[in-house]
$ cat input-v2.txt   # compact mmCIF, C-alpha atoms
# COMPACT_ATOMS: atom_id res chain seq x y z
CA ARG A 1 31.97 120.75 72.41
CA THR A 2 33.97 118.90 75.07
CA PRO A 3 37.61 120.05 75.18
CA ARG A 4 40.19 117.34 74.68
CA ALA A 5 42.07 116.39 77.82
CA ARG A 6 45.74 117.28 77.78
CA PRO A 7 48.03 114.28 77.94
CA ARG A 8 49.74 113.93 81.27
CA ALA A 9 53.41 114.71 81.26
CA SER A 10 55.40 111.58 82.04
CA PRO A 11 57.69 111.97 85.04
CA ALA A 12 61.24 112.89 84.08
CA ARG A 13 63.51 109.89 83.99
CA ARG A 14 66.30 110.04 86.47
CA PRO A 15 69.64 109.69 84.68
CA PRO A 16 71.49 106.49 85.63
CA THR A 17 74.05 106.85 88.36
CA MET A 18 77.68 105.92 87.79
CA LEU A 19 80.52 104.37 89.74
CA TYR A 20 83.72 106.02 88.55
CA ILE A 21 86.93 104.14 89.31
CA VAL A 22 89.53 106.83 88.84
CA GLY A 23 93.31 106.49 88.67
CA LEU A 24 95.14 109.35 90.38
CA GLY A 25 98.64 108.80 89.01
CA LEU A 26 101.71 108.69 91.23
CA GLY A 27 102.60 112.16 92.43
CA ASP A 28 100.19 114.69 93.85
CA GLU A 29 96.66 116.06 93.49
CA LYS A 30 97.41 117.50 90.05
CA ASP A 31 98.26 114.15 88.45
CA ILE A 32 94.59 113.30 87.96
CA THR A 33 93.45 113.53 84.32
CA VAL A 34 91.00 116.20 83.16
CA LYS A 35 88.42 113.47 82.53
CA GLY A 36 89.03 112.08 86.03
CA LEU A 37 88.68 115.49 87.66
CA GLU A 38 85.39 116.16 85.86
CA ALA A 39 84.07 112.80 87.03
CA VAL A 40 85.13 113.39 90.64
CA ARG A 41 83.50 116.81 90.73
CA SER A 42 80.22 115.28 89.52
CA CYS A 43 80.07 112.80 92.42
CA LYS A 44 78.15 112.91 95.66
CA HIS A 45 80.43 110.45 97.41
CA ILE A 46 84.21 110.06 96.96
CA PHE A 47 86.24 107.22 98.44
CA LEU A 48 90.05 107.04 98.39
CA GLU A 49 91.45 103.52 98.46
CA HIS A 50 94.19 103.77 101.05
CA TYR A 51 96.14 100.56 101.39
CA THR A 52 97.64 99.39 98.07
CA SER A 53 99.59 102.64 97.56
CA ILE A 54 99.91 106.24 98.75
CA LEU A 55 100.15 109.65 97.13
CA GLY A 56 102.67 112.33 98.00
CA VAL A 57 99.99 114.66 99.41
CA ASN A 58 97.48 114.40 102.25
CA VAL A 59 93.70 114.11 102.06
CA PRO A 60 92.92 117.78 102.91
CA LYS A 61 94.97 118.87 99.90
CA LEU A 62 93.05 116.46 97.68
CA GLU A 63 89.73 117.70 99.07
CA GLU A 64 90.71 121.31 98.41
CA PHE A 65 91.67 120.57 94.81
CA TYR A 66 88.72 118.29 94.03
CA GLY A 67 86.20 120.49 95.83
CA ASN A 68 84.60 117.65 97.76
CA LYS A 69 84.91 115.61 100.93
CA ILE A 70 86.84 112.33 100.69
CA THR A 71 86.27 109.18 102.75
CA LEU A 72 89.32 106.97 103.30
CA ALA A 73 88.62 103.38 102.24
CA ASP A 74 90.99 101.06 104.07
CA ARG A 75 91.51 97.34 103.41
CA GLU A 76 88.58 96.37 105.64
CA MET A 77 86.15 98.63 103.79
CA VAL A 78 87.26 97.71 100.27
CA GLU A 79 87.51 93.96 100.87
CA SER A 80 84.82 93.35 103.51
CA ARG A 81 82.46 96.33 103.45
CA SER A 82 82.50 97.27 99.77
CA ASP A 83 78.68 97.20 99.80
CA GLU A 84 78.82 100.66 101.38
CA ILE A 85 80.45 101.97 98.22
CA LEU A 86 78.32 99.94 95.81
CA LEU A 87 74.97 100.70 97.45
CA ALA A 88 75.80 104.42 97.41
CA ALA A 89 76.47 104.14 93.67
CA LYS A 90 72.92 102.86 93.11
CA GLU A 91 71.57 106.22 94.30
CA GLU A 92 74.22 108.81 93.45
CA ASN A 93 77.38 109.19 91.39
CA VAL A 94 80.28 107.72 93.34
CA ALA A 95 84.03 107.91 92.72
CA LEU A 96 86.54 105.37 93.98
CA LEU A 97 89.98 106.94 93.75
CA ILE A 98 92.97 104.66 93.17
CA VAL A 99 96.60 105.74 93.45
CA GLY A 100 98.24 104.79 90.15
CA ASP A 101 95.93 102.99 87.71
CA PRO A 102 92.64 101.27 88.64
CA PHE A 103 93.52 97.80 87.39
CA CYS A 104 96.98 97.33 88.86
CA ALA A 105 95.54 95.50 91.91
CA THR A 106 93.16 92.54 91.84
CA THR A 107 91.04 94.14 94.58
CA HIS A 108 89.86 96.80 92.16
CA THR A 109 89.03 94.23 89.49
CA ASP A 110 86.83 92.47 92.04
CA MET A 111 85.08 95.76 92.83
CA PHE A 112 84.41 96.31 89.11
CA LEU A 113 82.90 92.84 88.68
CA ARG A 114 80.69 93.15 91.76
CA ALA A 115 79.36 96.50 90.57
CA VAL A 116 78.50 95.10 87.14
CA GLU A 117 76.71 92.13 88.75
CA LEU A 118 74.56 94.58 90.74
CA GLY A 119 73.60 96.44 87.58
CA ILE A 120 75.67 99.52 88.42
CA LYS A 121 77.18 101.41 85.51
CA VAL A 122 80.96 101.67 85.84
CA GLN A 123 83.41 103.94 84.07
CA ILE A 124 87.15 103.35 84.39
CA ILE A 125 89.46 106.34 84.06
CA HIS A 126 93.09 105.31 83.67
CA ASN A 127 96.32 106.98 84.76
CA ALA A 128 100.04 106.31 85.15
CA SER A 129 101.17 103.60 87.55
CA ILE A 130 104.47 102.11 88.67
CA MET A 131 103.84 99.36 86.10
CA ASN A 132 104.59 101.76 83.23
CA ALA A 133 106.41 104.60 85.01
CA ILE A 134 109.17 102.17 85.97
CA GLY A 135 110.39 102.75 82.40
CA SER A 136 111.89 105.97 83.77
CA CYS A 137 114.72 103.88 85.25
CA GLY A 138 115.98 103.26 81.73
CA LEU A 139 115.17 99.56 81.40
CA GLN A 140 112.82 98.94 78.49
CA LEU A 141 109.30 97.79 79.35
CA TYR A 142 109.42 95.25 76.52
CA ASN A 143 112.19 93.43 78.38
CA PHE A 144 110.31 92.89 81.66
CA GLY A 145 109.00 89.50 82.75
CA GLN A 146 106.61 88.66 85.59
CA THR A 147 106.16 91.30 88.30
CA VAL A 148 106.54 90.11 91.90
CA SER A 149 105.36 91.43 95.26
CA ILE A 150 107.76 91.07 98.17
CA PRO A 151 106.04 90.93 101.59
CA LEU A 152 107.71 91.92 104.83
CA PHE A 153 108.85 89.00 106.95
CA GLN A 154 106.84 88.61 110.16
CA GLY A 155 108.38 86.46 112.86
CA ASN A 156 108.75 82.93 111.50
CA TRP A 157 106.65 83.74 108.43
CA LYS A 158 109.22 84.19 105.69
CA PRO A 159 107.54 83.55 102.32
CA ASP A 160 109.69 82.87 99.29
CA SER A 161 107.28 81.83 96.51
CA PHE A 162 108.16 84.93 94.44
CA TYR A 163 111.75 83.62 94.13
CA ASP A 164 110.60 81.18 91.43
CA LYS A 165 109.26 83.99 89.23
CA ILE A 166 112.50 85.94 89.60
CA ALA A 167 114.43 82.81 88.63
CA VAL A 168 112.29 82.26 85.51
CA ASN A 169 112.74 85.90 84.47
CA LEU A 170 116.52 85.86 84.93
CA LYS A 171 116.90 82.59 83.03
CA ASP A 172 115.01 84.21 80.14
CA GLY A 173 117.10 87.39 80.35
CA LEU A 174 114.13 89.45 81.53
CA HIS A 175 113.96 92.20 84.16
CA THR A 176 111.83 91.76 87.29
CA LEU A 177 109.83 94.60 88.81
CA CYS A 178 109.62 94.06 92.58
CA LEU A 179 106.71 95.78 94.33
CA LEU A 180 107.59 96.26 97.98
CA ASP A 181 105.18 95.67 100.84
CA ILE A 182 102.93 98.37 102.29
CA LYS A 183 101.19 97.93 105.62
CA VAL A 184 98.54 100.55 106.45
CA LYS A 185 96.06 100.00 109.29
CA GLU A 186 97.17 96.43 109.88
CA PRO A 187 95.98 94.79 113.15
CA ASN A 188 98.60 93.76 115.67
CA ILE A 189 98.31 89.96 115.55
CA GLU A 190 99.85 89.38 118.98
CA ILE A 191 97.40 91.71 120.75
CA LEU A 192 94.50 90.30 118.75
CA GLU A 193 95.38 86.74 119.75
CA THR A 194 96.10 87.46 123.43
CA ARG A 195 93.49 90.15 124.21
CA GLY A 196 90.97 89.77 121.42
CA LYS A 197 91.24 93.47 120.60
CA PHE A 198 91.89 95.19 117.30
CA VAL A 199 94.89 97.46 117.84
CA TYR A 200 96.46 98.76 114.65
CA ASP A 201 100.19 98.98 114.09
CA PRO A 202 101.63 102.24 112.71
CA PRO A 203 102.02 102.33 108.91
CA ARG A 204 105.09 100.56 107.59
CA TYR A 205 106.59 100.70 104.12
CA MET A 206 109.24 98.23 102.99
CA THR A 207 112.51 99.83 101.94
CA ILE A 208 114.82 98.70 99.15
CA LYS A 209 117.39 97.80 101.82
CA GLU A 210 114.89 95.50 103.57
CA ALA A 211 113.88 93.91 100.27
CA CYS A 212 117.50 93.14 99.39
CA GLU A 213 118.20 91.73 102.85
CA GLN A 214 115.19 89.42 102.58
CA LEU A 215 116.06 88.33 99.03
CA LEU A 216 119.62 87.50 100.06
CA TYR A 217 118.36 85.61 103.12
CA ILE A 218 116.10 83.51 100.88
CA GLU A 219 118.98 82.86 98.46
CA GLU A 220 121.71 82.18 101.02
CA GLU A 221 119.74 80.42 103.77
CA VAL A 222 116.72 78.83 102.06
CA ARG A 223 116.97 78.22 98.30
CA LYS A 224 120.73 78.21 97.67
CA GLU A 225 120.20 78.01 93.89
CA GLY A 226 122.67 80.73 92.91
CA ILE A 227 120.03 82.89 91.25
CA LEU A 228 120.75 86.01 93.32
CA SER A 229 123.87 87.40 94.96
CA ARG A 230 125.22 90.63 96.37
CA GLU A 231 126.59 91.34 92.88
CA THR A 232 123.20 90.98 91.13
CA ARG A 233 122.51 94.15 89.15
CA CYS A 234 119.46 96.15 90.21
CA VAL A 235 117.82 99.53 89.88
CA GLY A 236 116.17 101.05 92.94
CA VAL A 237 113.51 103.75 92.62
CA ALA A 238 111.76 105.86 95.23
CA ARG A 239 108.75 108.19 94.98
CA VAL A 240 108.44 107.75 91.21
CA GLY A 241 106.43 110.56 89.67
CA MET A 242 107.18 113.03 92.47
CA ALA A 243 109.48 116.02 92.28
CA ASP A 244 112.04 114.34 94.56
CA GLN A 245 112.06 110.91 92.92
CA VAL A 246 115.29 108.94 93.25
CA ILE A 247 116.71 106.40 90.79
CA VAL A 248 119.93 104.50 91.50
CA SER A 249 121.46 101.54 89.64
CA GLY A 250 124.09 99.20 90.97
CA THR A 251 124.63 95.85 92.66
CA MET A 252 122.30 94.49 95.31
CA GLN A 253 124.99 95.30 97.88
CA GLN A 254 125.03 98.91 96.68
CA MET A 255 121.21 99.03 96.87
CA MET A 256 121.54 98.29 100.60
CA GLU A 257 124.02 101.15 101.01
CA ALA A 258 122.23 103.85 98.98
CA ASP A 259 119.96 106.39 100.69
CA PHE A 260 116.62 106.39 98.90
CA GLY A 261 114.76 108.52 101.44
CA GLY A 262 111.09 108.07 102.29
CA PRO A 263 108.45 105.82 100.72
CA LEU A 264 107.36 104.46 98.37
CA HIS A 265 110.22 102.25 97.16
CA SER A 266 110.31 99.74 94.28
CA MET A 267 113.17 97.79 92.74
CA VAL A 268 114.07 96.12 89.47
CA ILE A 269 116.31 93.06 89.29
CA ALA A 270 118.01 93.43 85.92
CA GLY A 271 118.10 90.63 83.36
CA THR A 272 120.11 90.88 80.15
CA VAL A 273 120.97 94.56 79.69
CA HIS A 274 121.06 95.94 76.15
CA PRO A 275 123.38 98.80 75.06
CA LEU A 276 120.86 101.64 75.43
CA GLU A 277 119.76 100.25 78.79
CA GLU A 278 123.42 100.04 79.82
CA ASP A 279 123.84 103.75 79.04
CA MET A 280 120.88 104.56 81.29
CA MET A 281 122.18 102.33 84.08
CA GLN A 282 125.50 104.16 83.91
CA PHE A 283 123.63 107.48 84.02
CA TYR A 284 121.98 106.43 87.30
CA ALA A 285 125.00 104.52 88.65
CA TYR A 286 125.49 104.30 92.41
CA ASP A 287 129.16 105.26 92.00
CA LYS A 288 128.10 108.70 90.79
CA LEU A 289 126.47 109.39 94.16
CA LYS A 290 129.95 109.59 95.67
CA GLU A 291 131.31 112.07 93.11

$ encode --input "input-v2.txt" --output "C-alpha cells"
Amino acid sequence: RTPRARPRASPARRPPTMLYIVGLGLGDEKDITVKGLEAVRSCKHIFLEHYTSILGVNVPKLEEFYGNKITLADREMVESRSDEILLAAKEENVALLIVGDPFCATTHTDMFLRAVELGIKVQIIHNASIMNAIGSCGLQLYNFGQTVSIPLFQGNWKPDSFYDKIAVNLKDGLHTLCLLDIKVKEPNIEILETRGKFVYDPPRYMTIKEACEQLLYIEEEVRKEGILSRETRCVGVARVGMADQVIVSGTMQQMMEADFGGPLHSMVIAGTVHPLEEDMMQFYAYDKLKE
C-alpha cells in the first residue's frame, strides 16, 4: 500500500507592516501615550519630524526612553524625500513622530494620503497639541475662530494675509490663536543666490514680542483699518505643557514688555471675553507680575 503524501506546509504569511504616525504631546519624552510607546517600540525605523515644532528634551533622551535610534526628519526629508520613510514602511514597521498631534500640520496629512496610495497600512495615534492645550490660558475653545500662522518678516517680504482672518474673528467676537514662526535648518537665501551653496541659518523661533511688533507694523503702516492697537487684549503663552510654562494676559503693549523666556511661544488675540474667561484673564494678568 502506497503511503499518502503529506501536504506541504504553506509558507507562513508575513504580517503586514505598518506606518505609525504618532503624536508626542507638548512637553517631554513621557508625554507619549501608552499606545504610542508600544507602537514606537515595535518599529524598526523611527523618524522625528523636526521643523513644525520642538519638544522640551533632546533626541538622546527620547532614544533612551523609547529604546531605539531616532532619525531626524527635517523639512527637506518630509516634503521632498518622504519616499525614504514610505519605502521603509513597505518592509518594516516605521514610526513618524510628530510633536503635538499628527494632524495639526498639512504636511502630515499629505504623508498619510501618500502612504495610503502606496498601499501602506497607517495607524494614527493622537496626542495633545497647542490647538487644544491653549485652553489652559482660560479662554474657552468654543469661542475661538480661525487659527493664523504669523511668519517672520524677511527683508522686504512682509506678508499680511493673516490680518484678514484676525479681522473676521474680532468682528464676530471670536478669539484668534496665533501660531508663531519656527525656522529650523533653513537655507541662507543670500548665500544660496550669490554662491550657489546651501548654508543653513541657526534655528530661530519667533517671540511674542516680535509677533506683536509685526502685527502693529501691519496695522499702523500697511492696513490702517483700526482692527488692532497697542491696547488690544491678548494672552501670551510659552512652553505650554512643560513644567516651566508661562501664561500672561494683558494688552499687546504689555505682551511686548513681558518676559516669556525661551521657545516655543504662541499668542491669543482675545475677542469678546465672557465672565469666566475674564476671571482667568485676571488670574494671569500682566500687572500681577510686578507684585

$ residues_around --input "input-v2.txt" --residues "Ile269 (chain A)" --least-positions-apart "4" --cutoff "6 Å" --atoms "only C-alpha atoms" --output "PDB file with C-alpha atoms, in the frame of the given file"
ATOM      1  CA  HIS A 175     113.960  92.200  84.160  1.00  0.00           C
ATOM      2  CA  THR A 176     111.830  91.760  87.290  1.00  0.00           C
ATOM      3  CA  CYS A 234     119.460  96.150  90.210  1.00  0.00           C
TER       4      CYS A 234
END

$ residues_around --input "input-v2.txt" --residues "region 134-139 of chain A" --least-positions-apart "5" --cutoff "7 Å" --atoms "all atoms listed in the file" --output "list in words"
Ile247, Glu277, Met280 and Met281 of chain A

$ write_last_selection --input "input-v2.txt" --atoms "C-alpha atoms" --output "PDB file, in the coordinates of the input"
ATOM      1  CA  ILE A 247     116.710 106.400  90.790  1.00  0.00           C
ATOM      2  CA  GLU A 277     119.760 100.250  78.790  1.00  0.00           C
ATOM      3  CA  MET A 280     120.880 104.560  81.290  1.00  0.00           C
ATOM      4  CA  MET A 281     122.180 102.330  84.080  1.00  0.00           C
TER       5      MET A 281
END

$ residues_around --input "input-v2.txt" --residues "region 20-36 of chain A" --least-positions-apart "3" --cutoff "8 Å" --atoms "all atoms listed in the file" --output "PyMOL selection string"
chain A and resi 39-40+55-57+61-62+65+93-102+122-130+239-243

$ atom_distance --input "input-v2.txt" --atom1 "CA of Met18 (chain A)" --atom2 "CA of Glu84 (chain A)"
14.6 Å

$ residues_around --input "input-v2.txt" --residues "Leu215 (chain A)" --least-positions-apart "5" --cutoff "12 Å" --atoms "only C-alpha atoms" --output "tab-separated table (two decimals) with C-alpha atoms, in the coordinates of the input"
chain	number	residue	atom	x	y	z
A	149	SER	CA	105.36	91.43	95.26
A	150	ILE	CA	107.76	91.07	98.17
A	151	PRO	CA	106.04	90.93	101.59
A	152	LEU	CA	107.71	91.92	104.83
A	153	PHE	CA	108.85	89.00	106.95
A	158	LYS	CA	109.22	84.19	105.69
A	159	PRO	CA	107.54	83.55	102.32
A	160	ASP	CA	109.69	82.87	99.29
A	161	SER	CA	107.28	81.83	96.51
A	162	PHE	CA	108.16	84.93	94.44
A	163	TYR	CA	111.75	83.62	94.13
A	164	ASP	CA	110.60	81.18	91.43
A	166	ILE	CA	112.50	85.94	89.60
A	167	ALA	CA	114.43	82.81	88.63
A	178	CYS	CA	109.62	94.06	92.58
A	180	LEU	CA	107.59	96.26	97.98
A	208	ILE	CA	114.82	98.70	99.15
A	209	LYS	CA	117.39	97.80	101.82
A	210	GLU	CA	114.89	95.50	103.57
A	220	GLU	CA	121.71	82.18	101.02
A	221	GLU	CA	119.74	80.42	103.77
A	222	VAL	CA	116.72	78.83	102.06
A	223	ARG	CA	116.97	78.22	98.30
A	224	LYS	CA	120.73	78.21	97.67
A	226	GLY	CA	122.67	80.73	92.91
A	227	ILE	CA	120.03	82.89	91.25
A	228	LEU	CA	120.75	86.01	93.32
A	229	SER	CA	123.87	87.40	94.96
A	230	ARG	CA	125.22	90.63	96.37
A	232	THR	CA	123.20	90.98	91.13
A	252	MET	CA	122.30	94.49	95.31
A	253	GLN	CA	124.99	95.30	97.88
A	256	MET	CA	121.54	98.29	100.60
A	267	MET	CA	113.17	97.79	92.74
A	269	ILE	CA	116.31	93.06	89.29

$ atom_distance --input "input-v2.txt" --atom1 "CA of Lys183 (chain A)" --atom2 "CA of Arg204 (chain A)"
5.1 Å

$ atom_distance --input "input-v2.txt" --atom1 "CA of Phe283 (chain A)" --atom2 "CA of Phe260 (chain A)"
16.5 Å

$ closest_residue --input "input-v2.txt" --among "A:Gly262, A:Leu179, A:Val184, A:Gly250" --to "Ala73 (chain A)" --atoms "only C-alpha atoms"
A:Val184

$ closest_residue --input "input-v2.txt" --among "A:Asn169, A:Thr106, A:Thr71, A:Ser266" --to "Met206 (chain A)" --atoms "all atoms listed in the file"
A:Ser266

$ closest_residue --input "input-v2.txt" --among "A:Leu216, A:Leu174, A:Ile46, A:Met255" --to "Ala285 (chain A)" --atoms "only C-alpha atoms"
A:Met255

$ closest_residue --input "input-v2.txt" --among "A:Ile54, A:Val235, A:Val273, A:Val148" --to "Ile182 (chain A)" --atoms "only C-alpha atoms"
A:Ile54
